[in-house]
>>> print(open('structure-v1.cif').read())   # mmCIF, C-alpha atoms
data_run
loop_
_atom_site.label_atom_id
_atom_site.label_comp_id
_atom_site.auth_asym_id
_atom_site.auth_seq_id
_atom_site.Cartn_x
_atom_site.Cartn_y
_atom_site.Cartn_z
CA MET A 287 -23.95 65.90 -38.30
CA ASP A 288 -22.08 67.20 -41.28
CA GLN A 289 -18.74 65.86 -42.42
CA GLU A 290 -16.82 69.04 -41.76
CA THR A 291 -17.47 69.33 -38.05
CA GLY A 292 -17.93 65.65 -37.32
CA ASN A 293 -14.31 64.84 -36.59
CA LYS A 294 -14.10 66.90 -33.42
CA ALA A 295 -17.59 66.15 -32.23
CA GLU A 296 -17.62 62.39 -31.93
CA GLY A 297 -18.11 62.74 -28.18
CA VAL A 298 -21.20 64.81 -28.74
CA GLU A 299 -22.61 62.54 -31.38
CA SER A 300 -22.46 59.37 -29.34
CA ASN A 301 -24.44 60.98 -26.59
CA THR A 302 -27.59 62.47 -28.02
CA GLN A 303 -29.74 60.41 -25.66
CA GLY A 304 -27.23 59.96 -22.79
CA HIS A 305 -27.50 60.92 -19.12
CA GLY A 306 -26.20 64.03 -17.41
CA SER A 307 -22.94 62.53 -16.15
CA CYS A 308 -22.16 61.22 -19.63
CA THR A 309 -22.78 64.65 -21.15
CA PHE A 310 -20.47 66.18 -18.54
CA VAL A 311 -17.70 63.69 -19.33
CA ASN A 312 -18.10 64.43 -23.04
CA GLY A 313 -17.63 68.08 -22.19
CA LEU A 314 -14.50 67.28 -20.18
CA ARG A 315 -13.08 65.42 -23.17
CA VAL A 316 -13.14 68.58 -25.28
CA ALA A 317 -10.07 69.64 -23.27
CA LEU A 318 -8.20 66.73 -24.89
CA SER A 319 -8.73 68.24 -28.35
CA THR A 320 -6.45 70.64 -30.24
CA PRO A 321 -7.92 73.77 -28.59
CA GLY A 322 -7.27 72.16 -25.20
CA ALA A 323 -3.65 71.46 -26.14
CA ILE A 324 -3.13 75.05 -27.28
CA LEU A 325 -4.70 76.32 -24.07
CA LEU A 326 -2.46 74.05 -21.98
CA ALA A 327 0.61 75.35 -23.81
CA SER A 328 -0.53 78.96 -23.38
CA ALA A 329 -1.07 78.37 -19.68
CA ALA A 330 2.45 76.92 -19.59
CA GLY A 331 3.62 80.19 -21.15
CA PHE A 332 1.84 82.06 -18.37
CA GLY A 333 3.44 79.76 -15.76
CA ALA A 334 6.86 80.49 -17.25
CA LEU A 335 6.18 84.25 -17.18
CA ALA A 336 5.01 83.99 -13.57
CA ASN A 337 8.18 82.13 -12.59
CA ASP A 338 10.25 84.75 -14.33
CA ALA A 339 8.39 87.62 -12.68
CA GLY A 340 9.16 86.09 -9.29
CA MET A 341 5.62 85.02 -8.48
CA SER A 342 5.05 82.02 -6.22
CA LEU A 343 3.67 78.83 -7.79
CA PHE A 344 0.65 79.00 -5.52
CA ASN A 345 -0.22 82.56 -6.51
CA ALA A 346 0.28 81.75 -10.20
CA ILE A 347 -2.12 78.79 -10.03
CA PHE A 348 -4.56 80.74 -7.86
CA MET A 349 -4.48 83.60 -10.36
CA MET A 350 -5.16 81.21 -13.24
CA ALA A 351 -8.20 79.85 -11.36
CA VAL A 352 -9.79 83.13 -10.25
CA PHE A 353 -9.29 85.08 -13.49
CA PHE A 354 -9.37 82.28 -16.07
CA ALA A 355 -8.47 84.79 -18.79
CA LEU A 356 -4.81 84.93 -19.78
CA PRO A 357 -4.62 88.56 -21.03
CA ALA A 358 -5.95 89.90 -17.70
CA GLN A 359 -3.50 87.69 -15.81
CA VAL A 360 -0.46 88.70 -17.82
CA VAL A 361 -1.40 92.40 -17.53
CA MET A 362 -1.84 92.23 -13.75
CA MET A 363 1.21 90.08 -13.10
CA ASP A 364 3.34 92.36 -15.25
CA GLN A 365 2.08 95.39 -13.34
CA LEU A 366 2.92 93.81 -9.98
CA ALA A 367 6.33 92.58 -11.16
CA ARG A 368 7.31 96.03 -12.42
CA GLY A 369 6.07 97.68 -9.25
CA GLY A 370 3.42 99.68 -11.12
CA SER A 371 0.31 101.09 -9.50
CA ILE A 372 -2.29 98.55 -8.45
CA ILE A 373 -5.18 100.82 -9.50
CA GLY A 374 -3.60 101.25 -12.95
CA GLY A 375 -3.25 97.47 -13.20
CA ALA A 376 -6.85 96.91 -12.13
CA LEU A 377 -8.09 99.40 -14.74
CA ALA A 378 -6.11 97.67 -17.49
CA VAL A 379 -7.52 94.32 -16.28
CA ALA A 380 -11.01 95.80 -16.55
CA LEU A 381 -10.33 96.89 -20.14
CA THR A 382 -9.35 93.33 -21.05
CA GLY A 383 -12.43 92.10 -19.17
CA VAL A 384 -15.05 94.10 -21.10
CA ARG A 385 -14.57 91.84 -24.09
CA LEU A 386 -16.15 89.08 -21.97
CA VAL A 387 -19.52 90.88 -22.06
CA PRO A 388 -20.27 90.26 -25.76
CA MET A 389 -19.01 86.67 -25.36
CA MET A 390 -21.44 86.16 -22.47
CA VAL A 391 -24.31 87.76 -24.36
CA THR A 392 -23.83 85.43 -27.31
CA ILE A 393 -23.40 82.16 -25.40
CA MET A 394 -25.97 82.62 -22.64
CA PRO A 395 -29.06 82.17 -24.83
CA LEU A 396 -27.70 78.69 -25.70
CA LEU A 397 -27.22 77.82 -22.03
CA THR A 398 -30.37 79.17 -20.44
CA GLY A 399 -32.91 77.71 -22.85
CA ALA A 400 -33.71 74.96 -20.37
CA ARG A 401 -34.11 75.58 -16.62
CA THR A 402 -30.79 76.07 -14.87
CA ALA A 403 -29.78 76.87 -11.30
CA LEU A 404 -28.06 80.17 -10.43
CA TRP A 405 -24.88 78.37 -9.35
CA GLN A 406 -24.74 76.68 -12.73
CA ARG A 407 -25.09 79.99 -14.55
CA LEU A 408 -22.44 81.69 -12.40
CA THR A 409 -20.04 78.76 -12.84
CA ALA A 410 -20.66 78.69 -16.59
CA ALA A 411 -20.04 82.46 -16.66
CA HIS A 412 -16.66 81.97 -15.00
CA PHE A 413 -15.68 79.49 -17.73
CA VAL A 414 -16.36 82.05 -20.45
CA ALA A 415 -12.99 82.98 -21.93
CA ILE A 416 -11.95 82.73 -25.53
CA THR A 417 -11.28 78.97 -25.86
CA ALA A 418 -14.20 77.56 -23.85
CA TRP A 419 -16.50 80.16 -25.39
CA PHE A 420 -15.44 79.25 -28.91
CA GLU A 421 -15.82 75.51 -28.30
CA GLY A 422 -19.15 76.10 -26.57
CA MET A 423 -20.52 78.14 -29.47
CA ARG A 424 -19.36 75.44 -31.86
CA LEU A 425 -20.67 72.39 -29.99
CA LEU A 426 -23.69 73.44 -27.91
CA SER A 427 -26.09 74.22 -30.74
CA LYS A 428 -25.82 70.57 -31.84
CA LEU A 429 -27.26 69.40 -28.51
CA PRO A 430 -30.83 69.45 -27.17
CA ASP A 431 -31.56 72.36 -24.77
CA TRP A 432 -31.48 70.33 -21.58
CA GLN A 433 -27.99 68.91 -22.18
CA ARG A 434 -26.24 72.16 -23.03
CA MET A 435 -25.53 73.50 -19.54
CA THR A 436 -24.11 70.16 -18.38
CA MET A 437 -22.00 69.92 -21.52
CA PHE A 438 -20.64 73.43 -21.08
CA LEU A 439 -19.86 72.86 -17.39
CA GLY A 440 -17.89 69.82 -18.56
CA ILE A 441 -16.07 71.81 -21.24
CA GLY A 442 -15.23 74.56 -18.72
CA THR A 443 -14.08 72.16 -16.00
CA GLY A 444 -11.83 70.40 -18.50
CA MET A 445 -10.38 73.68 -19.78
CA VAL A 446 -9.75 75.03 -16.27
CA THR A 447 -8.05 71.76 -15.31
CA ALA A 448 -5.87 71.95 -18.43
CA THR A 449 -4.82 75.53 -17.61
CA LEU A 450 -4.01 74.72 -13.99
CA ILE A 451 -1.84 71.77 -15.05
CA GLY A 452 -0.31 73.91 -17.79
CA THR A 453 0.51 76.73 -15.38
CA ALA A 454 2.24 74.36 -12.94
CA LEU A 455 4.12 72.64 -15.78
CA GLY A 456 5.32 75.90 -17.34
CA PHE A 457 6.29 77.29 -13.96
CA GLU A 458 8.39 74.25 -13.04
CA LEU A 459 9.88 73.79 -16.52
CA ALA A 460 10.92 77.44 -16.87
CA GLY A 461 13.20 77.05 -13.88
CA SER A 462 14.73 73.72 -14.87
CA VAL A 463 15.03 73.44 -18.67
CA PRO A 464 17.89 74.99 -20.71
CA PRO A 465 17.48 78.75 -21.36
CA ALA A 466 16.77 78.17 -25.08
CA ILE A 467 13.65 76.14 -24.21
CA SER A 468 12.70 78.51 -21.44
CA ALA A 469 12.79 81.33 -24.02
CA CYS A 470 10.36 79.33 -26.20
CA LEU A 471 7.96 78.94 -23.26
CA LEU A 472 8.04 82.69 -22.69
CA PHE A 473 7.39 83.22 -26.39
CA LEU A 474 4.15 81.19 -26.34
CA THR A 475 2.16 83.98 -24.66
CA PRO A 476 2.74 86.80 -27.19
CA ILE A 477 2.34 84.60 -30.29
CA TYR A 478 -0.78 82.90 -28.89
CA PHE A 479 -2.36 86.25 -27.99
CA PHE A 480 -1.57 87.74 -31.37
CA LEU A 481 -2.85 84.82 -33.43
CA SER A 482 -5.99 84.69 -31.27
CA LEU A 483 -6.60 88.35 -32.06
CA MET A 484 -6.17 87.58 -35.76
CA ALA A 485 -8.52 84.61 -35.47
CA ALA A 486 -11.19 86.73 -33.75
CA ALA A 487 -10.90 89.73 -36.10
CA ARG A 488 -13.97 90.20 -38.29
CA LEU A 489 -14.37 93.89 -39.11
CA THR A 490 -12.01 96.53 -40.44
CA VAL A 491 -12.13 98.03 -36.91
CA ASP A 492 -10.68 94.82 -35.43
CA TRP A 493 -7.76 94.71 -37.88
CA LEU A 494 -7.01 98.39 -37.37
CA ALA A 495 -7.08 97.87 -33.59
CA ILE A 496 -4.52 95.07 -33.91
CA VAL A 497 -2.16 97.17 -36.04
CA ILE A 498 -2.54 100.46 -34.15
CA GLY A 499 -2.33 98.72 -30.74
CA ALA A 500 0.77 96.79 -31.79
CA LEU A 501 2.46 99.98 -33.00
CA LEU A 502 1.46 102.08 -29.96
CA GLY A 503 2.51 99.52 -27.35
CA PRO A 504 6.31 99.99 -27.29
CA PRO A 505 6.45 103.84 -27.53
CA LEU A 506 3.75 104.27 -24.88
CA TYR A 507 5.60 101.81 -22.68
CA MET A 508 8.63 104.09 -22.83
CA LEU A 509 6.59 107.29 -22.38
CA THR A 510 4.12 106.22 -19.70
CA PRO A 511 5.32 103.02 -18.04
CA GLY A 512 2.66 101.59 -15.74
CA LEU A 513 -0.25 103.18 -17.59
CA ASP A 514 0.92 102.25 -21.08
CA LEU A 515 -1.51 99.36 -21.61
CA LEU A 516 -4.42 101.47 -20.46
CA PHE A 517 -3.50 104.23 -22.91
CA THR A 518 -2.70 101.78 -25.71
CA GLY A 519 -6.18 100.29 -25.33
CA LEU A 520 -8.13 103.53 -25.02
CA ILE A 521 -6.21 105.59 -27.59
CA GLY A 522 -5.45 102.80 -30.04
CA GLY A 523 -8.89 101.18 -29.76
CA SER A 524 -10.80 104.46 -30.11
CA ALA A 525 -8.64 105.55 -33.06
CA ALA A 526 -9.21 102.18 -34.72
CA TYR A 527 -12.95 102.45 -34.08
CA VAL A 528 -13.23 105.93 -35.60
CA ALA A 529 -10.95 105.11 -38.54
CA GLY A 530 -12.74 101.80 -39.16
CA LYS A 531 -16.11 103.54 -39.28
CA GLN A 532 -14.77 106.08 -41.79
CA PHE A 533 -13.27 103.32 -43.87
CA ASP A 534 -16.44 101.20 -43.93
CA GLY A 535 -18.52 104.31 -44.59
CA PHE A 536 -16.23 105.27 -47.45
CA PHE A 537 -16.77 101.95 -49.15
CA GLU A 538 -20.51 101.93 -48.53
CA ASP A 539 -20.84 105.38 -50.09
CA ASP A 540 -18.73 104.25 -52.97
CA GLU A 541 -20.91 101.32 -53.88
CA MET B 81 6.88 95.81 -1.80
CA SER B 82 5.66 94.55 -5.17
CA ASP B 83 7.93 91.56 -4.76
CA GLY B 84 6.09 90.69 -1.58
CA LEU B 85 2.74 90.83 -3.35
CA LEU B 86 3.87 88.31 -5.93
CA THR B 87 4.66 85.68 -3.34
CA SER B 88 2.74 86.51 -0.17
CA PHE B 89 -0.72 85.60 1.08
CA GLU B 90 -1.57 89.33 0.95
CA GLY B 91 -0.81 89.05 -2.77
CA THR B 92 -3.20 86.11 -3.04
CA LEU B 93 -5.96 88.17 -1.42
CA LEU B 94 -5.17 91.15 -3.65
CA LEU B 95 -5.47 88.96 -6.76
CA LEU B 96 -8.81 87.64 -5.50
CA VAL B 97 -10.12 91.17 -4.86
CA ILE B 98 -8.97 92.45 -8.27
CA ALA B 99 -10.55 89.43 -10.01
CA LEU B 100 -13.85 89.98 -8.17
CA VAL B 101 -13.92 93.77 -8.59
CA ALA B 102 -12.32 94.43 -11.99
CA HIS B 103 -12.80 91.22 -13.97
CA GLU B 104 -15.57 88.80 -12.95
CA PRO B 105 -18.30 91.53 -12.91
CA PHE B 106 -18.10 91.66 -16.72
CA ARG B 107 -19.15 88.03 -16.82
CA TRP B 108 -22.00 88.79 -14.40
CA LEU B 109 -22.98 91.80 -16.48
CA GLY B 110 -23.17 89.63 -19.60
CA LEU B 111 -25.26 87.12 -17.66
CA TYR B 112 -27.60 89.88 -16.47
CA LEU B 113 -27.95 91.51 -19.89
CA GLY B 114 -28.61 88.08 -21.35
CA HIS B 115 -30.79 87.96 -24.43
CA GLY B 116 -31.74 91.60 -24.32
CA LEU B 117 -28.64 92.90 -26.02
CA ASP B 118 -27.35 92.78 -29.54
CA ALA B 119 -23.77 91.48 -29.57
CA GLN B 120 -23.23 93.20 -32.91
CA SER B 121 -24.03 96.66 -31.56
CA GLU B 122 -21.79 99.72 -31.89
CA ILE B 123 -20.74 99.87 -28.26
CA PHE B 124 -19.42 96.31 -28.50
CA ALA B 125 -17.46 97.17 -31.63
CA TRP B 126 -15.71 99.93 -29.68
CA VAL B 127 -15.25 97.75 -26.59
CA ARG B 128 -13.70 95.03 -28.70
CA ALA B 129 -11.43 97.54 -30.42
CA VAL B 130 -10.15 98.83 -27.05
CA SER B 131 -9.49 95.30 -25.71
CA THR B 132 -7.90 94.26 -28.99
CA ALA B 133 -5.57 97.28 -29.10
CA LEU B 134 -4.58 96.72 -25.47
CA VAL B 135 -3.71 93.06 -26.02
CA ALA B 136 -1.91 93.86 -29.29
CA GLY B 137 0.16 96.47 -27.45
CA LEU B 138 0.91 93.93 -24.73
CA VAL B 139 2.08 91.49 -27.41
CA THR B 140 4.56 93.87 -29.04
CA ARG B 141 5.83 94.89 -25.62
CA LEU B 142 6.40 91.25 -24.64
CA VAL B 143 8.31 90.71 -27.89
CA MET B 144 10.27 94.02 -27.90
CA PHE B 145 10.99 94.22 -24.15
CA PRO B 146 10.99 90.61 -23.00
CA VAL B 147 11.95 89.22 -19.62
CA GLY B 148 14.19 86.40 -18.46
CA ALA B 149 15.57 83.87 -20.90
CA LEU B 150 13.77 85.49 -23.83
CA SER B 151 15.69 88.74 -23.33
CA GLU B 152 18.90 86.79 -24.08
CA VAL B 153 17.57 86.05 -27.59
CA PRO B 154 18.51 88.77 -30.13
CA LEU B 155 15.63 91.02 -31.21
CA LEU B 156 15.99 90.00 -34.85
CA ILE B 157 15.46 86.33 -34.00
CA ARG B 158 12.42 87.17 -31.89
CA LEU B 159 10.94 89.18 -34.77
CA ILE B 160 11.67 86.44 -37.33
CA ALA B 161 10.07 83.77 -35.12
CA PHE B 162 7.06 86.02 -34.58
CA ALA B 163 6.65 86.68 -38.31
CA ALA B 164 7.13 82.95 -38.97
CA GLY B 165 4.28 82.19 -36.55
CA ILE B 166 1.95 84.53 -38.45
CA ALA B 167 3.06 83.08 -41.81
CA ILE B 168 2.57 79.48 -40.62
CA TYR B 169 -0.85 80.37 -39.20
CA LEU B 170 -1.97 81.94 -42.47
CA GLY B 171 -0.35 79.18 -44.55
CA THR B 172 -2.13 76.38 -42.68
CA GLN B 173 -5.61 77.75 -43.29
CA ARG B 174 -5.53 79.61 -39.98
CA HIS B 175 -4.59 76.74 -37.72
CA LEU B 176 -3.89 78.33 -34.34
CA GLY B 177 -1.90 75.37 -33.01
CA ALA B 178 0.33 75.20 -36.08
CA GLY B 179 1.06 78.92 -35.79
CA VAL B 180 1.82 78.86 -32.05
CA PHE B 181 3.94 75.70 -31.97
CA GLY B 182 5.54 76.50 -35.33
CA SER B 183 6.63 79.89 -34.07
CA ALA B 184 8.15 78.41 -30.89
CA THR B 185 9.92 75.76 -32.98
CA VAL B 186 11.41 78.41 -35.29
CA LEU B 187 12.62 80.32 -32.22
CA LEU B 188 14.25 77.17 -30.82
CA ILE B 189 15.94 76.20 -34.09
CA MET B 190 17.29 79.71 -34.67
CA GLN B 191 18.70 79.81 -31.15
CA LEU B 192 20.43 76.47 -31.71
CA ILE B 193 21.90 77.68 -35.02
CA MET B 194 23.19 80.87 -33.44
CA GLN B 195 24.98 79.03 -30.64
#
>>> encode(input="structure-v1.cif", output="structure tokens")
Amino acid sequence: MDQETGNKAEGVESNTQGHGSCTFVNGLRVALSTPGAILLASAAGFGALANDAGMSLFNAIFMMAVFFALPAQVVMMDQLARGGSIIGGALAVALTGVRLVPMMVTIMPLLTGARTALWQRLTAAHFVAITAWFEGMRLLSKLPDWQRMTMFLGIGTGMVTATLIGTALGFELAGSVPPAISACLLFLTPIYFFLSLMAAARLTVDWLAIVIGALLGPPLYMLTPGLDLLFTGLIGGSAAYVAGKQFDGFFEDDE
Amino acid sequence: MSDGLLTSFEGTLLLLVIALVAHEPFRWLGLYLGHGLDAQSEIFAWVRAVSTALVAGLVTRLVMFPVGALSEVPLLIRLIAFAAGIAIYLGTQRHLGAGVFGSATVLLIMQLIMQ
């Protein structure tokens, strides 16, 4: 294992000939790393938002478990809290969900190399969200085929546990800490989302989508409340796609 | 009515239905498509652009039109803390944690100074 990635992968290294349960525990331990801490804090931000929106603790935790994707959760909760249409909310949720397809397509070949049961594949699929996906892509290729699914189920279980604890913590803290700290908890969600978008951006199209989406969000919110996110995504994303293609094409022609 | 959905058992069921109808199927679709699809393809570039723009729009809305305790913080402070988060992220060789926690820390310190 190379020097650069070795520091975060000591759990993986020590286990190249271990048993299934050991691999699973090593996966769980990934939640104790920096990405796990960020995820816990982001889930705390979601918990604080949920408290503020007037959601019950149970529904907030339940939502975290069944979606396990913060953007979809914040979109849907926001829609319910503002009394927007449920169909409009569901459509916006679906638009945030489509980005899971390419994540699934890239991680599944790593997971299904060895024989796996359907329940394992469905469970692994549910764990696919930005953090677990990223850690999976980073760590799984270092393992032999037959250990990967177990490792990823461990990573996912650890991440889900971290988010459930985070949600409960954020929810309870938001109601009891001074307003200045509560404001910081509520601030975690937007800054985490934005920096994650920056971290995931590769192409000109991605950067344009960030800028155009960010600029379109507030005016569309004032013009078409309830459907604003849907329109921001479709209009902003499509414009970014077209403009990005032109831009890349321009430079290719130039060269 | 919407208030009821946030707290009631009906709300719990609604969340479950929306997750199973509008969200989880994309994971199943990815599972089904499996190896047979190129993740770099054009359709994915567009899909990612739409999701990205939506989330970016959500971010600016959360910062510009915040709720609860955050709405008590002046807009200028929110914008400075946000910009600080981006600057810290970029200045720490793109360390997500440094950016996120740094931004929240800047927001806290500026609130304390303003008091």
>>> resolve_selection(input="structure-v1.cif", expression="the PyMOL selection byres ((chain B) within 6 of (chain A))", output="PyMOL selection string")
chain B and resi 82+86-87+92+99+102-103+106-107+110+114+119+126+128-134+136-137+139-141+148-150+177+180+184
>>> write_last_selection(input="structure-v1.cif", atoms="C-alpha atoms", output="short mmCIF file (atom, residue, chain, number, x, y, z; two decimals), in the coordinates of the input")
data_model
loop_
_atom_site.label_atom_id
_atom_site.label_comp_id
_atom_site.auth_asym_id
_atom_site.auth_seq_id
_atom_site.Cartn_x
_atom_site.Cartn_y
_atom_site.Cartn_z
CA SER B 82 5.66 94.55 -5.17
CA LEU B 86 3.87 88.31 -5.93
CA THR B 87 4.66 85.68 -3.34
CA THR B 92 -3.20 86.11 -3.04
CA ALA B 99 -10.55 89.43 -10.01
CA ALA B 102 -12.32 94.43 -11.99
CA HIS B 103 -12.80 91.22 -13.97
CA PHE B 106 -18.10 91.66 -16.72
CA ARG B 107 -19.15 88.03 -16.82
CA GLY B 110 -23.17 89.63 -19.60
CA GLY B 114 -28.61 88.08 -21.35
CA ALA B 119 -23.77 91.48 -29.57
CA TRP B 126 -15.71 99.93 -29.68
CA ARG B 128 -13.70 95.03 -28.70
CA ALA B 129 -11.43 97.54 -30.42
CA VAL B 130 -10.15 98.83 -27.05
CA SER B 131 -9.49 95.30 -25.71
CA THR B 132 -7.90 94.26 -28.99
CA ALA B 133 -5.57 97.28 -29.10
CA LEU B 134 -4.58 96.72 -25.47
CA ALA B 136 -1.91 93.86 -29.29
CA GLY B 137 0.16 96.47 -27.45
CA VAL B 139 2.08 91.49 -27.41
CA THR B 140 4.56 93.87 -29.04
CA ARG B 141 5.83 94.89 -25.62
CA GLY B 148 14.19 86.40 -18.46
CA ALA B 149 15.57 83.87 -20.90
CA LEU B 150 13.77 85.49 -23.83
CA GLY B 177 -1.90 75.37 -33.01
CA VAL B 180 1.82 78.86 -32.05
CA ALA B 184 8.15 78.41 -30.89
#
>>> atom_distance(input="structure-v1.cif", atom1="CA of Leu156 in chain B", atom2="CA of Leu459 in chain A")
25.2 Å
>>> atom_distance(input="structure-v1.cif", atom1="CA of Met194 in chain B", atom2="CA of Phe332 in chain A")
26.2 Å
>>> atom_distance(input="structure-v1.cif", atom1="CA of Val101 in chain B", atom2="CA of Val147 in chain B")
28.5 Å
>>> resolve_selection(input="structure-v1.cif", expression="the PyMOL selection byres ((chain A and resi 400) around 10)", output="count of residues only")
13
>>> residues_around(input="structure-v1.cif", residues="Leu170 in chain B", least_positions_apart="4", cutoff="10 Å", atoms="all atoms listed in the file", output="number ranges by chain")
A: 481, 484-485; B: 164-166, 174-176, 178-179
>>> closest_residue(input="structure-v1.cif", among="A:Ile441, A:Met508, A:Trp405, A:Val311", to="Met144 in chain B", atoms="only C-alpha atoms")
A:Met508
>>> decode(input="structure-v1.cif", residues="range 400-457 of chain A", atoms="C-alpha atoms", output="compact mmCIF listing (two decimals), in the first residue's frame")
# COMPACT_ATOMS: atom_id res chain seq x y z
CA ALA A 400 -17.60 -12.28 -6.19
CA ARG A 401 -20.94 -14.04 -5.60
CA THR A 402 -23.31 -11.97 -3.49
CA ALA A 403 -26.89 -12.45 -2.31
CA LEU A 404 -29.69 -10.15 -3.52
CA TRP A 405 -30.28 -8.81 -0.01
CA GLN A 406 -26.63 -7.85 0.18
CA ARG A 407 -26.80 -6.00 -3.12
CA LEU A 408 -30.00 -4.17 -2.16
CA THR A 409 -28.58 -3.21 1.23
CA ALA A 410 -25.32 -2.05 -0.34
CA ALA A 411 -27.38 -0.03 -2.85
CA HIS A 412 -29.17 1.74 -0.01
CA PHE A 413 -25.81 2.77 1.48
CA VAL A 414 -24.78 4.46 -1.77
CA ALA A 415 -24.73 8.19 -1.07
CA ILE A 416 -21.83 10.54 -1.53
CA THR A 417 -19.71 9.74 1.57
CA ALA A 418 -20.04 5.94 1.67
CA TRP A 419 -19.68 5.82 -2.11
CA PHE A 420 -16.50 7.89 -2.03
CA GLU A 421 -14.96 5.82 0.77
CA GLY A 422 -16.02 2.62 -0.96
CA MET A 423 -14.43 3.63 -4.25
CA ARG A 424 -11.27 4.56 -2.39
CA LEU A 425 -10.94 1.46 -0.19
CA LEU A 426 -12.60 -1.47 -1.97
CA SER A 427 -10.19 -1.81 -4.87
CA LYS A 428 -7.41 -2.55 -2.36
CA LEU A 429 -9.25 -5.66 -1.15
CA PRO A 430 -9.67 -9.10 -2.74
CA ASP A 431 -13.03 -9.61 -4.52
CA TRP A 432 -14.62 -11.78 -1.86
CA GLN A 433 -14.08 -9.28 0.97
CA ARG A 434 -15.44 -6.22 -0.78
CA MET A 435 -19.17 -6.68 -0.20
CA THR A 436 -18.66 -7.39 3.51
CA MET A 437 -16.36 -4.39 3.81
CA PHE A 438 -18.85 -2.10 2.09
CA LEU A 439 -21.76 -3.36 4.22
CA GLY A 440 -19.58 -2.46 7.22
CA ILE A 441 -18.80 0.99 5.83
CA GLY A 442 -22.49 1.62 5.10
CA THR A 443 -23.70 0.37 8.48
CA GLY A 444 -21.17 2.59 10.22
CA MET A 445 -22.12 5.63 8.13
CA VAL A 446 -25.87 5.10 8.67
CA THR A 447 -25.28 4.73 12.41
CA ALA A 448 -23.25 7.95 12.43
CA THR A 449 -26.02 9.84 10.61
CA LEU A 450 -28.75 8.54 12.92
CA ILE A 451 -26.76 9.58 16.00
CA GLY A 452 -25.93 12.90 14.32
CA THR A 453 -29.57 13.59 13.48
CA ALA A 454 -30.69 12.94 17.07
CA LEU A 455 -27.82 15.03 18.46
CA GLY A 456 -28.49 17.99 16.15
CA PHE A 457 -32.21 17.80 16.81
